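**Student:** Data: run.txt, compact mmCIF, C-alpha atoms and all ligand atoms.
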# COMPACT_ATOMS: atom_id res chain seq x y z
CA MET A 1 -7.20 -20.37 -21.73
CA LYS A 2 -9.60 -21.90 -19.25
CA TYR A 3 -9.98 -20.71 -15.66
CA TYR A 4 -11.00 -22.92 -12.74
CA SER A 5 -12.15 -21.91 -9.26
CA THR A 6 -9.92 -22.46 -6.23
CA ASN A 7 -12.99 -23.93 -4.51
CA GLY A 8 -13.35 -26.50 -7.29
CA LYS A 9 -17.14 -26.45 -7.40
CA ALA A 10 -17.85 -23.84 -10.09
CA PRO A 11 -17.92 -24.52 -13.85
CA ILE A 12 -14.73 -23.82 -15.82
CA ALA A 13 -14.80 -20.29 -17.26
CA ASP A 14 -13.15 -18.56 -20.19
CA LEU A 15 -11.28 -15.27 -19.73
CA HIS A 16 -14.28 -13.20 -20.80
CA LYS A 17 -16.45 -14.71 -18.07
CA ALA A 18 -13.72 -14.61 -15.43
CA VAL A 19 -13.20 -10.88 -16.07
CA VAL A 20 -16.89 -9.95 -16.15
CA LYS A 21 -17.80 -12.08 -13.11
CA GLY A 22 -14.69 -11.56 -10.96
CA LEU A 23 -15.54 -14.19 -8.37
CA ALA A 24 -16.57 -17.75 -9.36
CA GLU A 25 -20.08 -19.05 -8.54
CA ASP A 26 -18.73 -21.08 -5.59
CA ARG A 27 -17.05 -17.90 -4.24
CA GLY A 28 -13.61 -19.25 -5.17
CA LEU A 29 -10.93 -17.33 -7.07
CA TYR A 30 -10.28 -18.00 -10.73
CA MET A 31 -6.95 -19.63 -11.62
CA PRO A 32 -5.58 -20.20 -15.15
CA GLU A 33 -5.38 -23.92 -15.91
CA ARG A 34 -1.82 -23.44 -17.25
CA ILE A 35 0.98 -20.93 -16.68
CA ASN A 36 2.98 -20.62 -19.88
CA LYS A 37 6.75 -20.52 -19.47
CA LEU A 38 8.54 -17.77 -21.38
CA PRO A 39 11.49 -18.85 -23.57
CA GLN A 40 15.09 -18.57 -22.32
CA GLU A 41 15.80 -16.21 -25.22
CA PHE A 42 13.40 -13.66 -23.70
CA PHE A 43 15.31 -13.64 -20.42
CA ASP A 44 18.68 -13.54 -22.26
CA ASN A 45 17.70 -10.26 -23.95
CA ILE A 46 15.26 -8.76 -21.47
CA GLU A 47 17.58 -5.93 -20.39
CA LYS A 48 17.49 -4.56 -23.95
CA MET A 49 13.69 -4.30 -23.92
CA SER A 50 11.49 -1.41 -22.75
CA PHE A 51 8.95 -1.78 -19.94
CA GLN A 52 6.09 -1.79 -22.44
CA GLU A 53 7.76 -4.39 -24.68
CA ILE A 54 8.38 -6.65 -21.70
CA ALA A 55 4.81 -6.18 -20.46
CA TYR A 56 3.35 -7.04 -23.86
CA THR A 57 5.37 -10.27 -23.99
CA VAL A 58 4.15 -11.25 -20.51
CA ALA A 59 0.56 -10.22 -21.32
CA SER A 60 0.61 -12.36 -24.48
CA ALA A 61 1.61 -15.41 -22.44
CA PHE A 62 -1.34 -14.89 -20.07
CA PHE A 63 -4.01 -13.50 -22.37
CA GLY A 64 -2.78 -14.09 -25.93
CA GLU A 65 -5.14 -17.01 -26.62
CA ASP A 66 -8.20 -14.94 -25.75
CA VAL A 67 -7.44 -11.39 -26.91
CA ASP A 68 -6.62 -10.19 -30.41
CA PRO A 69 -2.86 -9.33 -30.54
CA ASP A 70 -3.33 -5.75 -31.76
CA ALA A 71 -6.01 -5.06 -29.15
CA LEU A 72 -3.82 -6.55 -26.40
CA HIS A 73 -0.91 -4.42 -27.59
CA ASP A 74 -3.08 -1.27 -27.31
CA ILE A 75 -4.39 -2.30 -23.87
CA VAL A 76 -0.88 -2.83 -22.51
CA TYR A 77 0.60 0.37 -23.97
CA ASP A 78 -2.40 2.44 -22.91
CA THR A 79 -2.25 0.99 -19.37
CA LEU A 80 1.45 1.69 -18.94
CA GLN A 81 1.56 5.43 -19.62
CA PHE A 82 3.94 5.86 -16.69
CA ASP A 83 7.17 4.22 -15.57
CA CYS A 84 7.84 1.84 -12.66
CA PRO A 85 11.54 2.59 -12.09
CA VAL A 86 13.99 0.76 -9.83
CA VAL A 87 15.96 3.10 -7.58
CA ASN A 88 18.85 2.37 -5.21
CA VAL A 89 18.06 3.25 -1.60
CA LYS A 90 21.05 1.98 0.35
CA ASP A 91 23.80 -0.61 -0.26
CA SER A 92 22.25 -3.62 -1.96
CA ILE A 93 18.67 -2.51 -1.24
CA TYR A 94 16.64 -1.16 -4.16
CA THR A 95 13.06 0.05 -4.43
CA LEU A 96 10.62 -0.65 -7.23
CA GLU A 97 8.67 2.63 -7.28
CA LEU A 98 5.07 1.80 -8.15
CA PHE A 99 3.62 5.23 -7.40
CA HIS A 100 4.10 7.07 -10.67
CA GLY A 101 0.56 6.39 -11.93
CA PRO A 102 -2.50 8.67 -11.76
CA THR A 103 -3.40 7.94 -8.10
CA LEU A 104 0.18 7.44 -6.91
CA ALA A 105 -0.24 3.80 -5.89
CA PHE A 106 0.49 0.43 -7.48
CA LYS A 107 -3.21 -0.41 -7.85
CA ASP A 108 -3.26 1.92 -10.89
CA VAL A 109 -1.61 -0.74 -13.07
CA GLY A 110 -4.20 -3.44 -12.37
CA ALA A 111 -7.17 -1.08 -12.42
CA ARG A 112 -6.19 0.52 -15.74
CA PHE A 113 -5.56 -2.84 -17.38
CA MET A 114 -8.81 -4.32 -16.12
CA ALA A 115 -10.85 -1.32 -17.35
CA ARG A 116 -9.46 -1.70 -20.86
CA LEU A 117 -9.83 -5.48 -21.00
CA LEU A 118 -13.41 -5.26 -19.71
CA GLN A 119 -14.17 -2.69 -22.41
CA TYR A 120 -12.70 -5.03 -25.06
CA PHE A 121 -14.95 -7.91 -23.96
CA ILE A 122 -18.08 -5.73 -23.65
CA LYS A 123 -17.65 -4.51 -27.21
CA GLN A 124 -17.71 -8.11 -28.43
CA GLU A 125 -21.08 -8.85 -26.83
CA ASN A 126 -24.20 -8.73 -29.02
CA ASN A 127 -26.31 -5.59 -28.57
CA HIS A 128 -23.89 -4.46 -25.87
CA LYS A 129 -25.34 -2.19 -23.22
CA GLU A 130 -23.43 0.17 -21.01
CA VAL A 131 -21.85 -1.67 -18.08
CA ASN A 132 -22.03 -0.24 -14.59
CA VAL A 133 -19.20 -0.93 -12.17
CA LEU A 134 -20.13 -0.65 -8.50
CA VAL A 135 -17.28 -0.28 -6.03
CA ALA A 136 -17.38 0.29 -2.29
CA THR A 137 -14.26 1.91 -0.87
CA SER A 138 -12.71 2.89 2.42
CA GLY A 139 -10.28 5.08 0.46
CA ASP A 140 -7.63 3.78 -1.91
CA THR A 141 -9.46 1.19 -4.00
CA GLY A 142 -12.07 3.76 -5.06
CA SER A 143 -9.48 6.14 -6.43
CA ALA A 144 -7.52 3.50 -8.36
CA VAL A 145 -10.68 2.00 -9.88
CA ALA A 146 -12.29 5.38 -10.68
CA ASN A 147 -9.13 6.68 -12.36
CA GLY A 148 -8.50 3.36 -14.08
CA PHE A 149 -11.93 3.51 -15.71
CA LEU A 150 -11.99 7.28 -16.27
CA GLY A 151 -13.00 8.09 -19.84
CA VAL A 152 -13.36 4.41 -20.82
CA ASP A 153 -16.27 4.29 -23.24
CA GLY A 154 -19.26 2.07 -22.46
CA ILE A 155 -18.54 1.78 -18.73
CA HIS A 156 -19.94 3.89 -15.89
CA VAL A 157 -18.45 3.67 -12.39
CA TYR A 158 -20.27 4.32 -9.11
CA VAL A 159 -17.92 4.74 -6.15
CA LEU A 160 -19.64 4.37 -2.78
CA TYR A 161 -17.75 5.79 0.18
CA PRO A 162 -18.61 6.48 3.83
CA LYS A 163 -19.29 10.13 4.62
CA GLY A 164 -16.59 11.72 6.77
CA LYS A 165 -14.55 8.49 6.98
CA VAL A 166 -12.23 9.03 4.03
CA SER A 167 -9.25 11.40 4.17
CA PRO A 168 -9.57 14.60 2.07
CA ILE A 169 -6.57 13.53 -0.05
CA GLN A 170 -8.28 10.20 -0.83
CA GLU A 171 -11.73 11.70 -1.35
CA CYS A 172 -10.66 14.25 -3.96
CA GLN A 173 -9.21 11.45 -6.11
CA PHE A 174 -12.65 10.07 -6.94
CA THR A 175 -15.05 12.99 -6.31
CA THR A 176 -13.44 15.48 -8.74
CA LEU A 177 -13.32 13.36 -11.89
CA GLY A 178 -16.74 13.82 -13.51
CA LYS A 179 -17.24 12.13 -16.92
CA ASN A 180 -18.21 8.46 -16.42
CA ILE A 181 -17.44 8.48 -12.68
CA THR A 182 -20.13 9.13 -10.06
CA ALA A 183 -19.14 9.40 -6.40
CA ILE A 184 -21.83 8.44 -3.89
CA GLU A 185 -21.40 9.69 -0.35
CA VAL A 186 -23.16 7.25 1.96
CA ASP A 187 -24.39 8.35 5.36
CA GLY A 188 -22.84 5.34 7.13
CA VAL A 189 -19.63 3.35 7.50
CA PHE A 190 -17.65 1.29 4.97
CA ASP A 191 -19.64 -1.86 5.78
CA ASP A 192 -22.85 -0.02 4.82
CA CYS A 193 -21.33 0.85 1.43
CA GLN A 194 -20.30 -2.75 0.92
CA ALA A 195 -23.81 -3.95 1.87
CA LEU A 196 -25.43 -1.59 -0.66
CA VAL A 197 -23.19 -2.95 -3.42
CA LYS A 198 -23.81 -6.58 -2.47
CA ASN A 199 -27.57 -6.03 -2.32
CA ALA A 200 -27.51 -4.38 -5.73
CA PHE A 201 -25.73 -7.39 -7.28
CA MET A 202 -28.42 -9.71 -5.84
CA ASP A 203 -31.46 -7.60 -6.79
CA ALA A 204 -33.23 -9.14 -9.80
CA GLU A 205 -35.18 -6.03 -10.82
CA LEU A 206 -32.04 -3.89 -10.79
CA ASN A 207 -30.06 -6.46 -12.79
CA ASP A 208 -32.86 -6.51 -15.37
CA HIS A 209 -32.73 -2.75 -15.62
CA MET A 210 -28.96 -2.37 -15.94
CA LYS A 211 -25.82 -4.43 -16.39
CA LEU A 212 -23.83 -4.50 -13.14
CA THR A 213 -20.32 -5.72 -12.44
CA SER A 214 -17.62 -5.32 -9.80
CA ALA A 215 -13.97 -4.32 -10.11
CA ASN A 216 -12.86 -6.40 -7.19
CA SER A 217 -9.15 -6.81 -6.55
CA ILE A 218 -9.45 -10.58 -6.87
CA ASN A 219 -10.33 -10.21 -10.57
CA VAL A 220 -7.77 -11.97 -12.79
CA ALA A 221 -7.57 -8.85 -14.97
CA ARG A 222 -6.58 -6.77 -11.96
CA PHE A 223 -4.01 -8.97 -10.24
CA LEU A 224 -2.19 -10.69 -13.14
CA PRO A 225 -0.98 -7.48 -14.91
CA GLN A 226 0.94 -6.65 -11.76
CA ALA A 227 3.43 -9.29 -12.93
CA PHE A 228 4.58 -6.83 -15.64
CA TYR A 229 6.59 -4.64 -13.32
CA TYR A 230 8.41 -7.54 -11.67
CA PHE A 231 9.78 -8.61 -15.05
CA ASN A 232 10.77 -5.01 -15.70
CA ALA A 233 12.48 -4.76 -12.28
CA TYR A 234 14.49 -7.88 -13.14
CA ALA A 235 15.46 -6.35 -16.50
CA ARG A 236 16.60 -3.07 -14.95
CA MET A 237 18.65 -4.89 -12.29
CA LYS A 238 20.17 -7.16 -14.97
CA GLU A 239 21.17 -4.06 -16.92
CA GLN A 240 23.35 -3.17 -13.92
CA GLY A 241 24.67 -6.72 -13.51
CA LYS A 242 22.83 -7.18 -10.22
CA ALA A 243 20.17 -9.75 -11.09
CA ASP A 244 21.84 -13.06 -10.21
CA ASN A 245 20.72 -13.42 -6.60
CA LEU A 246 17.65 -11.26 -6.59
CA VAL A 247 15.24 -11.17 -3.64
CA MET A 248 11.85 -9.56 -4.21
CA CYS A 249 10.08 -8.15 -1.17
CA VAL A 250 6.41 -7.16 -1.31
CA PRO A 251 4.48 -5.26 1.40
CA SER A 252 1.31 -7.35 1.49
CA GLY A 253 -2.31 -7.07 2.58
CA ASN A 254 -4.65 -9.09 0.40
CA PHE A 255 -1.58 -10.71 -1.26
CA GLY A 256 -2.65 -9.88 -4.83
CA ASN A 257 0.55 -8.03 -5.61
CA ILE A 258 2.92 -10.77 -4.37
CA CYS A 259 0.71 -13.37 -6.03
CA ALA A 260 1.38 -11.73 -9.40
CA ALA A 261 5.12 -11.88 -8.68
CA LEU A 262 4.82 -15.59 -7.90
CA PHE A 263 2.96 -16.19 -11.18
CA GLY A 264 5.87 -14.41 -12.89
CA HIS A 265 8.28 -16.77 -11.14
CA GLU A 266 6.28 -19.75 -12.46
CA MET A 267 6.70 -18.28 -15.96
CA GLY A 268 10.45 -18.49 -15.45
CA LEU A 269 11.32 -15.10 -13.98
CA PRO A 270 14.66 -15.76 -12.23
CA ILE A 271 13.93 -14.36 -8.78
CA LYS A 272 15.80 -16.36 -6.11
CA ARG A 273 13.24 -15.94 -3.34
CA PHE A 274 10.41 -13.73 -2.10
CA ILE A 275 9.60 -11.99 1.17
CA ALA A 276 6.04 -11.04 2.15
CA ALA A 277 6.30 -8.05 4.49
CA ASN A 278 3.36 -7.56 6.83
CA ASN A 279 2.36 -4.96 9.37
CA ALA A 280 0.89 -6.22 12.67
CA ASN A 281 -1.67 -8.26 10.69
CA ASP A 282 0.49 -11.38 10.72
CA ILE A 283 -1.82 -14.16 9.50
CA PHE A 284 0.45 -15.18 6.61
CA TYR A 285 3.58 -14.84 8.74
CA LYS A 286 2.02 -17.21 11.30
CA TYR A 287 1.05 -19.60 8.51
CA LEU A 288 4.66 -19.79 7.36
CA GLN A 289 5.81 -20.59 10.93
CA THR A 290 3.10 -23.09 11.87
CA GLY A 291 1.47 -24.41 8.68
CA LYS A 292 -1.89 -23.28 10.04
CA TYR A 293 -3.92 -20.57 8.31
CA GLU A 294 -6.01 -18.84 10.94
CA PRO A 295 -7.84 -15.68 9.81
CA LYS A 296 -8.40 -13.01 12.44
CA PRO A 297 -10.24 -9.68 12.56
CA SER A 298 -7.95 -7.04 11.07
CA LYS A 299 -5.99 -4.64 13.29
CA GLN A 300 -5.73 -0.95 12.45
CA THR A 301 -2.16 0.11 11.70
CA LEU A 302 -0.14 2.96 10.17
CA ALA A 303 0.10 0.96 6.94
CA ASN A 304 -3.69 0.79 6.66
CA ALA A 305 -3.96 -0.55 3.10
CA MET A 306 -2.41 -3.73 4.51
CA ASP A 307 -4.87 -4.10 7.40
CA VAL A 308 -6.26 -7.44 6.26
CA GLY A 309 -7.13 -10.30 8.60
CA ASP A 310 -8.06 -12.88 5.94
CA PRO A 311 -6.01 -12.23 2.78
CA SER A 312 -8.18 -13.27 -0.18
CA ASN A 313 -5.31 -14.27 -2.45
CA PHE A 314 -3.97 -16.80 0.06
CA ALA A 315 -6.29 -19.25 -1.72
CA ARG A 316 -4.43 -18.61 -4.99
CA ILE A 317 -0.96 -19.03 -3.47
CA TYR A 318 -2.07 -22.22 -1.72
CA ASP A 319 -3.44 -23.59 -4.97
CA LEU A 320 -0.40 -22.48 -7.01
CA TYR A 321 1.91 -24.59 -4.83
CA GLY A 322 -0.35 -27.62 -4.60
CA LYS A 323 -1.41 -26.80 -1.01
CA SER A 324 2.13 -27.68 0.15
CA HIS A 325 3.45 -25.75 3.14
CA ALA A 326 6.94 -27.07 2.41
CA LYS A 327 6.87 -25.70 -1.14
CA ILE A 328 5.50 -22.35 -0.03
CA THR A 329 8.14 -21.89 2.68
CA SER A 330 10.90 -22.91 0.26
CA ILE A 331 10.19 -19.86 -1.92
CA ILE A 332 8.53 -17.28 0.39
CA SER A 333 9.56 -16.04 3.81
CA GLY A 334 7.73 -13.53 5.98
CA ALA A 335 8.20 -10.54 8.24
CA THR A 336 5.86 -8.62 10.52
CA TYR A 337 6.25 -5.10 11.96
CA THR A 338 4.45 -3.04 14.59
CA ASP A 339 3.60 0.63 14.11
CA GLU A 340 6.56 1.48 16.35
CA ASP A 341 8.87 -0.55 14.07
CA ILE A 342 7.46 1.21 11.00
CA LYS A 343 8.12 4.66 12.46
CA GLN A 344 11.65 3.72 13.46
CA THR A 345 12.35 2.30 10.00
CA MET A 346 11.09 5.45 8.29
CA ARG A 347 13.35 7.59 10.47
CA GLU A 348 16.39 5.33 10.06
CA CYS A 349 16.03 5.16 6.27
CA TYR A 350 15.51 8.90 5.90
CA LYS A 351 18.53 9.65 8.06
CA ALA A 352 20.79 7.12 6.35
CA SER A 353 19.82 7.76 2.74
CA GLY A 354 17.42 10.72 2.48
CA TYR A 355 14.82 8.38 0.97
CA ILE A 356 11.27 9.03 2.20
CA LEU A 357 9.40 5.76 2.73
CA ASP A 358 5.64 5.56 3.09
CA PRO A 359 4.44 3.29 5.95
CA HIS A 360 3.74 0.37 3.55
CA GLY A 361 7.09 0.56 1.77
CA ALA A 362 8.75 0.83 5.18
CA CYS A 363 7.71 -2.76 5.96
CA GLY A 364 9.35 -3.87 2.70
CA TYR A 365 12.58 -1.98 3.28
CA GLN A 366 12.92 -3.29 6.84
CA ALA A 367 12.24 -6.88 5.78
CA LEU A 368 15.16 -6.65 3.33
CA LYS A 369 17.40 -5.04 5.94
CA ASP A 370 16.59 -7.88 8.30
CA GLY A 371 16.56 -10.72 5.79
CA LEU A 372 19.02 -10.05 2.96
CA ARG A 373 22.04 -12.41 2.90
CA ASP A 374 25.58 -11.83 1.62
CA GLY A 375 25.75 -11.71 -2.16
CA GLU A 376 22.03 -11.02 -2.59
CA PHE A 377 20.43 -7.92 -4.05
CA GLY A 378 17.01 -6.96 -2.75
CA VAL A 379 14.18 -5.02 -4.36
CA PHE A 380 11.16 -3.97 -2.33
CA CYS A 381 7.97 -2.45 -3.74
CA GLU A 382 7.23 1.13 -2.73
CA THR A 383 3.47 0.66 -3.13
CA ALA A 384 2.36 4.27 -2.61
CA HIS A 385 3.83 7.76 -2.72
CA PRO A 386 4.57 9.10 0.81
CA ALA A 387 2.51 12.24 0.06
CA LYS A 388 -0.62 10.05 0.08
CA PHE A 389 -0.02 9.72 3.83
CA LYS A 390 1.32 13.23 4.24
CA GLU A 391 0.05 13.92 7.76
CA LYS A 392 1.56 10.74 9.21
CA VAL A 393 4.82 11.00 7.26
CA ASP A 394 5.34 14.67 8.16
CA GLU A 395 4.79 13.92 11.82
CA ILE A 396 7.04 10.85 11.92
CA LEU A 397 9.93 12.44 10.00
CA GLY A 398 9.47 16.05 11.10
CA ILE A 399 9.46 17.23 7.48
CA ASP A 400 7.03 18.77 5.01
CA VAL A 401 6.59 16.16 2.25
CA GLU A 402 6.18 17.75 -1.15
CA ILE A 403 2.85 17.02 -2.84
CA PRO A 404 3.37 15.93 -6.46
CA GLU A 405 1.57 18.09 -9.03
CA ARG A 406 -0.90 15.39 -10.12
CA LEU A 407 -2.07 14.96 -6.52
CA ALA A 408 -2.26 18.73 -6.01
CA ALA A 409 -4.41 18.94 -9.16
CA PHE A 410 -6.96 16.54 -7.63
CA MET A 411 -7.01 18.66 -4.48
CA ARG A 412 -7.84 21.80 -6.49
CA GLY A 413 -10.69 20.06 -8.33
CA GLN A 414 -14.39 20.67 -7.77
CA LYS A 415 -15.80 18.00 -5.45
CA GLN A 416 -19.05 16.46 -6.69
CA SER A 417 -20.98 13.64 -5.05
CA VAL A 418 -24.47 12.26 -4.64
CA ALA A 419 -25.72 12.09 -1.05
CA MET A 420 -27.23 8.70 -0.18
CA SER A 421 -28.71 7.10 2.92
CA LYS A 422 -27.59 3.60 3.90
CA ASP A 423 -31.07 2.28 3.08
CA PHE A 424 -30.94 -0.06 0.06
CA ALA A 425 -34.37 1.12 -1.20
CA ASP A 426 -32.95 4.63 -1.72
CA PHE A 427 -29.89 3.36 -3.56
CA LYS A 428 -32.02 1.08 -5.73
CA ASN A 429 -34.41 3.90 -6.66
CA TYR A 430 -31.47 6.08 -7.56
CA LEU A 431 -30.01 3.41 -9.85
CA LEU A 432 -33.40 2.67 -11.45
CA ASP A 433 -33.53 6.34 -12.47
CA GLN A 434 -30.19 6.21 -14.25
C1 LIG B 501 -3.44 -2.35 -1.58
C2 LIG B 501 -2.13 -1.90 -1.00
C3 LIG B 501 -1.18 -2.81 -0.45
C4 LIG B 501 -1.45 -4.29 -0.34
O1 LIG B 501 -1.45 -4.94 -1.59
P1 LIG B 501 -2.07 -6.41 -1.73
O2 LIG B 501 -2.04 -6.72 -3.18
O3 LIG B 501 -3.47 -6.31 -1.18
O4 LIG B 501 -1.23 -7.33 -0.92
C5 LIG B 501 0.04 -2.32 0.00
N1 LIG B 501 0.31 -1.00 -0.04
C6 LIG B 501 -0.57 -0.09 -0.52
C7 LIG B 501 -0.20 1.34 -0.51
C8 LIG B 501 -1.80 -0.50 -1.03
O5 LIG B 501 -2.67 0.41 -1.50
Can you present the structure in this file as structure tokens?
**Tutor:**
Amino acid sequence: MKYYSTNGKAPIADLHKAVVKGLAEDRGLYMPERINKLPQEFFDNIEKMSFQEIAYTVASAFFGEDVDPDALHDIVYDTLQFDCPVVNVKDSIYTLELFHGPTLAFKDVGARFMARLLQYFIKQENNHKEVNVLVATSGDTGSAVANGFLGVDGIHVYVLYPKGKVSPIQECQFTTLGKNITAIEVDGVFDDCQALVKNAFMDAELNDHMKLTSANSINVARFLPQAFYYFNAYARMKEQGKADNLVMCVPSGNFGNICAALFGHEMGLPIKRFIAANNANDIFYKYLQTGKYEPKPSKQTLANAMDVGDPSNFARIYDLYGKSHAKITSIISGATYTDEDIKQTMRECYKASGYILDPHGACGYQALKDGLRDGEFGVFCETAHPAKFKEKVDEILGIDVEIPERLAAFMRGQKQSVAMSKDFADFKNYLLDQ
């Protein structure tokens, strides 16, 4: 399969290059030149298949031309060591729980898959050297990437995070791992971490010394595998005879997650329509209303993983539908909620059903409550476990959210990190010594 850039000015790439590079030379996002439709027979029998079987079928359609079938089978099964169940919340509203992975957030699926696919391609290279993944994080990306790559042979991960600016629950998820993961505590803010990483990628001497790559969320190997759990959600709803008028609702920030769902739809997944649920960062919502895409600086909200003022995957969605506003609005609608709305939703849902929403999932639940029509069933993604935002959730609901054992285990771990100034010369010297 060939991949082209959404900016149209970079050379066509194969999967290997698209995965190792992440972003195309013209700073566009890679898109597959074709999206293979899955046969009707697959959808006729999907409810009899397991999550892993479904995922392998979908993965073969995307990656089967470029990855050996046995290797792809191992990558998929090794990635999906946890379930993504569909659970009824209230009436015809269901939640697709994506928080059963190692860091209790949906990014685990993409990060684990990407780590394994990157390893597969590195092993094929002549005289392959260890690859070093650099990732700057303000919290959640660092933990998903670090845990996704944990113990993956031939890859070392450096997580750069701003000192004192990451919550203790987030910090322990990438500072306690050891093995091939090094946490670097930068005396600065997130932008300083990002600048160090960018400078490292551009430094010729450093790139001569060691092989560097990123694990950016725009990477095709990170966003496409997210389609797996939408197919599984359809299968589990079909099992219950509730899949005919299915609405899928995705709390969105950079729009990678919903983009994967839309790719699934192009492969034939029978979802009737989609809702992109936003917090107060309403750039996509405004685009749907006006046809104008106007990025803005992001606003801080309760659902902070969705605080994005210029969603990077908008370029993919725009390209997927031939830049047609009419086409996009025919399949996707939007919703936007303030922090006050989010709090109210969390309280209402807890009172009515006992279900504890996290602030991101709350946007999804409310969008279905507001937008679901008669005869439709709705599934929203619960993108993180509420315990990841324990302080906020406890305060809003007046409860004491239970911390799952795998999160508690991180919190008991021994924190280890390398102290670093925000001066690139220091970071470079450190890397040259590795
Ligand atoms: C990253 C994230 C999102 C947003 O996902 P996108 O793919 O960027 O749209 C939503 N919720 C949580 C908890 C996240 O970590």
**Student:** How close does chain A get to ligand LIG 501 (chain B)? List, as JSON lines, each residue of chain A within 7 Å, its nearest atom pair and the distance in Å to one decimal, counting all atoms listed in the file.
**Tutor:**
{"residue": "A:Ala105", "atom": "CA", "partner": "B:LIG501", "partner_atom": "C7", "distance": 5.9}
{"residue": "A:Phe106", "atom": "CA", "partner": "B:LIG501", "partner_atom": "O5", "distance": 6.8}
{"residue": "A:Lys107", "atom": "CA", "partner": "B:LIG501", "partner_atom": "O5", "distance": 6.4}
{"residue": "A:Asp140", "atom": "CA", "partner": "B:LIG501", "partner_atom": "O5", "distance": 6.0}
{"residue": "A:Pro251", "atom": "CA", "partner": "B:LIG501", "partner_atom": "C5", "distance": 5.5}
{"residue": "A:Ser252", "atom": "CA", "partner": "B:LIG501", "partner_atom": "O4", "distance": 3.5}
{"residue": "A:Gly253", "atom": "CA", "partner": "B:LIG501", "partner_atom": "O4", "distance": 3.7}
{"residue": "A:Asn254", "atom": "CA", "partner": "B:LIG501", "partner_atom": "O3", "distance": 3.4}
{"residue": "A:Phe255", "atom": "CA", "partner": "B:LIG501", "partner_atom": "O4", "distance": 3.4}
{"residue": "A:Gly256", "atom": "CA", "partner": "B:LIG501", "partner_atom": "O2", "distance": 3.6}
{"residue": "A:Asn257", "atom": "CA", "partner": "B:LIG501", "partner_atom": "O2", "distance": 3.8}
{"residue": "A:Ile258", "atom": "CA", "partner": "B:LIG501", "partner_atom": "O4", "distance": 6.4}
{"residue": "A:Ala305", "atom": "CA", "partner": "B:LIG501", "partner_atom": "C8", "distance": 4.7}
{"residue": "A:Met306", "atom": "CA", "partner": "B:LIG501", "partner_atom": "C4", "distance": 5.0}
{"residue": "A:His360", "atom": "CA", "partner": "B:LIG501", "partner_atom": "N1", "distance": 5.2}
{"residue": "A:Thr383", "atom": "CA", "partner": "B:LIG501", "partner_atom": "C7", "distance": 4.6}
{"residue": "A:Ala384", "atom": "CA", "partner": "B:LIG501", "partner_atom": "C7", "distance": 4.4}
**Student:** Atom CA of Ala200 of chain A and atom CA of Leu212 of chain A are how many Å apart?
**Tutor:**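 Between atom CA of Ala200 of chain A and atom CA of Leu212 of chain A the gap is 8.3 Å.
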**Student:** Give me the residues within 7 Å of Ala146 of chain A as a PyMOL selection string, counting all atoms listed in the file and dropping any in the same chain fewer than 2 places off.
**Tutor:** chain A and resi 142-144+148-150+157+174+181
**Student:** Which is closest to Leu38 of chain A among A:Asp307, A:Glu266, A:Asp153, A:Asp26, if we use only C-alpha atoms?
**Tutor:**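 Using only C-alpha atoms, the shortest distance to Leu38 of chain A belongs to A:Glu266.
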**Student:** Can you tell me, as number ranges by chain, what residues are no more than 10 Å from Val308 of chain A when counting only C-alpha atoms, ignoring any on the same chain fewer than 6 positions away?
**Tutor:** A: 252-255, 278-283, 295-300
**Student:** Have a look at atom CA of Glu205 of chain A and atom CA of Asp426 of chain A and let me know their distance in Å, one decimal.
**Tutor:**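 Going from atom CA of Glu205 of chain A over to atom CA of Asp426 of chain A, I get 14.2 Å.
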**Student:** Between A:Ile342, A:Val58, A:Val220, A:Pro311, which has the minimum distance to Tyr30 of chain A (counting all atoms listed in the file)?
**Tutor:**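 So, comparing all the options, the nearest one is A:Val220.
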**Student:** Can I get the residues of segment 261-296 of chain A within 7 Å of segment 322-331 of chain A, each with the closest pair of atoms and their distance in Å to one decimal, using all atoms listed in the file, sorted chain first then ascending number, as JSON lines?
**Tutor:**
{"residue": "A:Arg273", "atom": "CA", "partner": "A:Ile331", "partner_atom": "CA", "distance": 5.2}
{"residue": "A:Phe274", "atom": "CA", "partner": "A:Ile331", "partner_atom": "CA", "distance": 6.1}
{"residue": "A:Leu288", "atom": "CA", "partner": "A:Thr329", "partner_atom": "CA", "distance": 6.2}
{"residue": "A:Gly291", "atom": "CA", "partner": "A:His325", "partner_atom": "CA", "distance": 6.0}
**Student:** Could you tell me how far atom CA of Gln52 of chain A sits from atom CA of Lys238 of chain A, in Å to one decimal place?
**Tutor:** 16.8 Å
**Student:** Using only C-alpha atoms, which protein or nucleic acid residues come within 6 Å of segment 239-249 of chain A? Drop anything in the same chain fewer than 2 positions from it, and give the result as JSON, numbers by chain.
**Tutor:** {"A": [47, 236, 237, 271, 272, 273, 274, 275, 276, 364, 376, 377, 378, 379, 380]}
**Student:** Counting only C-alpha atoms, figure out which residue out of A:Met210, A:Ile169, A:Ala315, A:Val89 gets nearest to Lys390 of chain A.
**Tutor:**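 Of all the options, A:Ile169 lies closest to Lys390 of chain A.
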**Student:** Tell me which of A:Phe99, A:Tyr365, A:Tyr4, A:Phe424 sits closest to Glu33 of chain A, counting all atoms listed in the file.
**Tutor:**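 Ranking A:Phe99, A:Tyr365, A:Tyr4, A:Phe424 by distance to Glu33 of chain A, first place goes to A:Tyr4.
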**Student:** Which of these, A:Asn219, A:Asn232, A:Asn304, A:Asn45, has the shortest distance to Lys392 of chain A once you count only C-alpha atoms?
**Tutor:** A:Asn304
**Student:** Just checking: using only C-alpha atoms, which residue out of A:Glu185, A:Gly398, A:Asp68, A:Thr345 ends up closest to Asp370 of chain A?
**Tutor:**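 The closest residue to Asp370 of chain A is A:Thr345.
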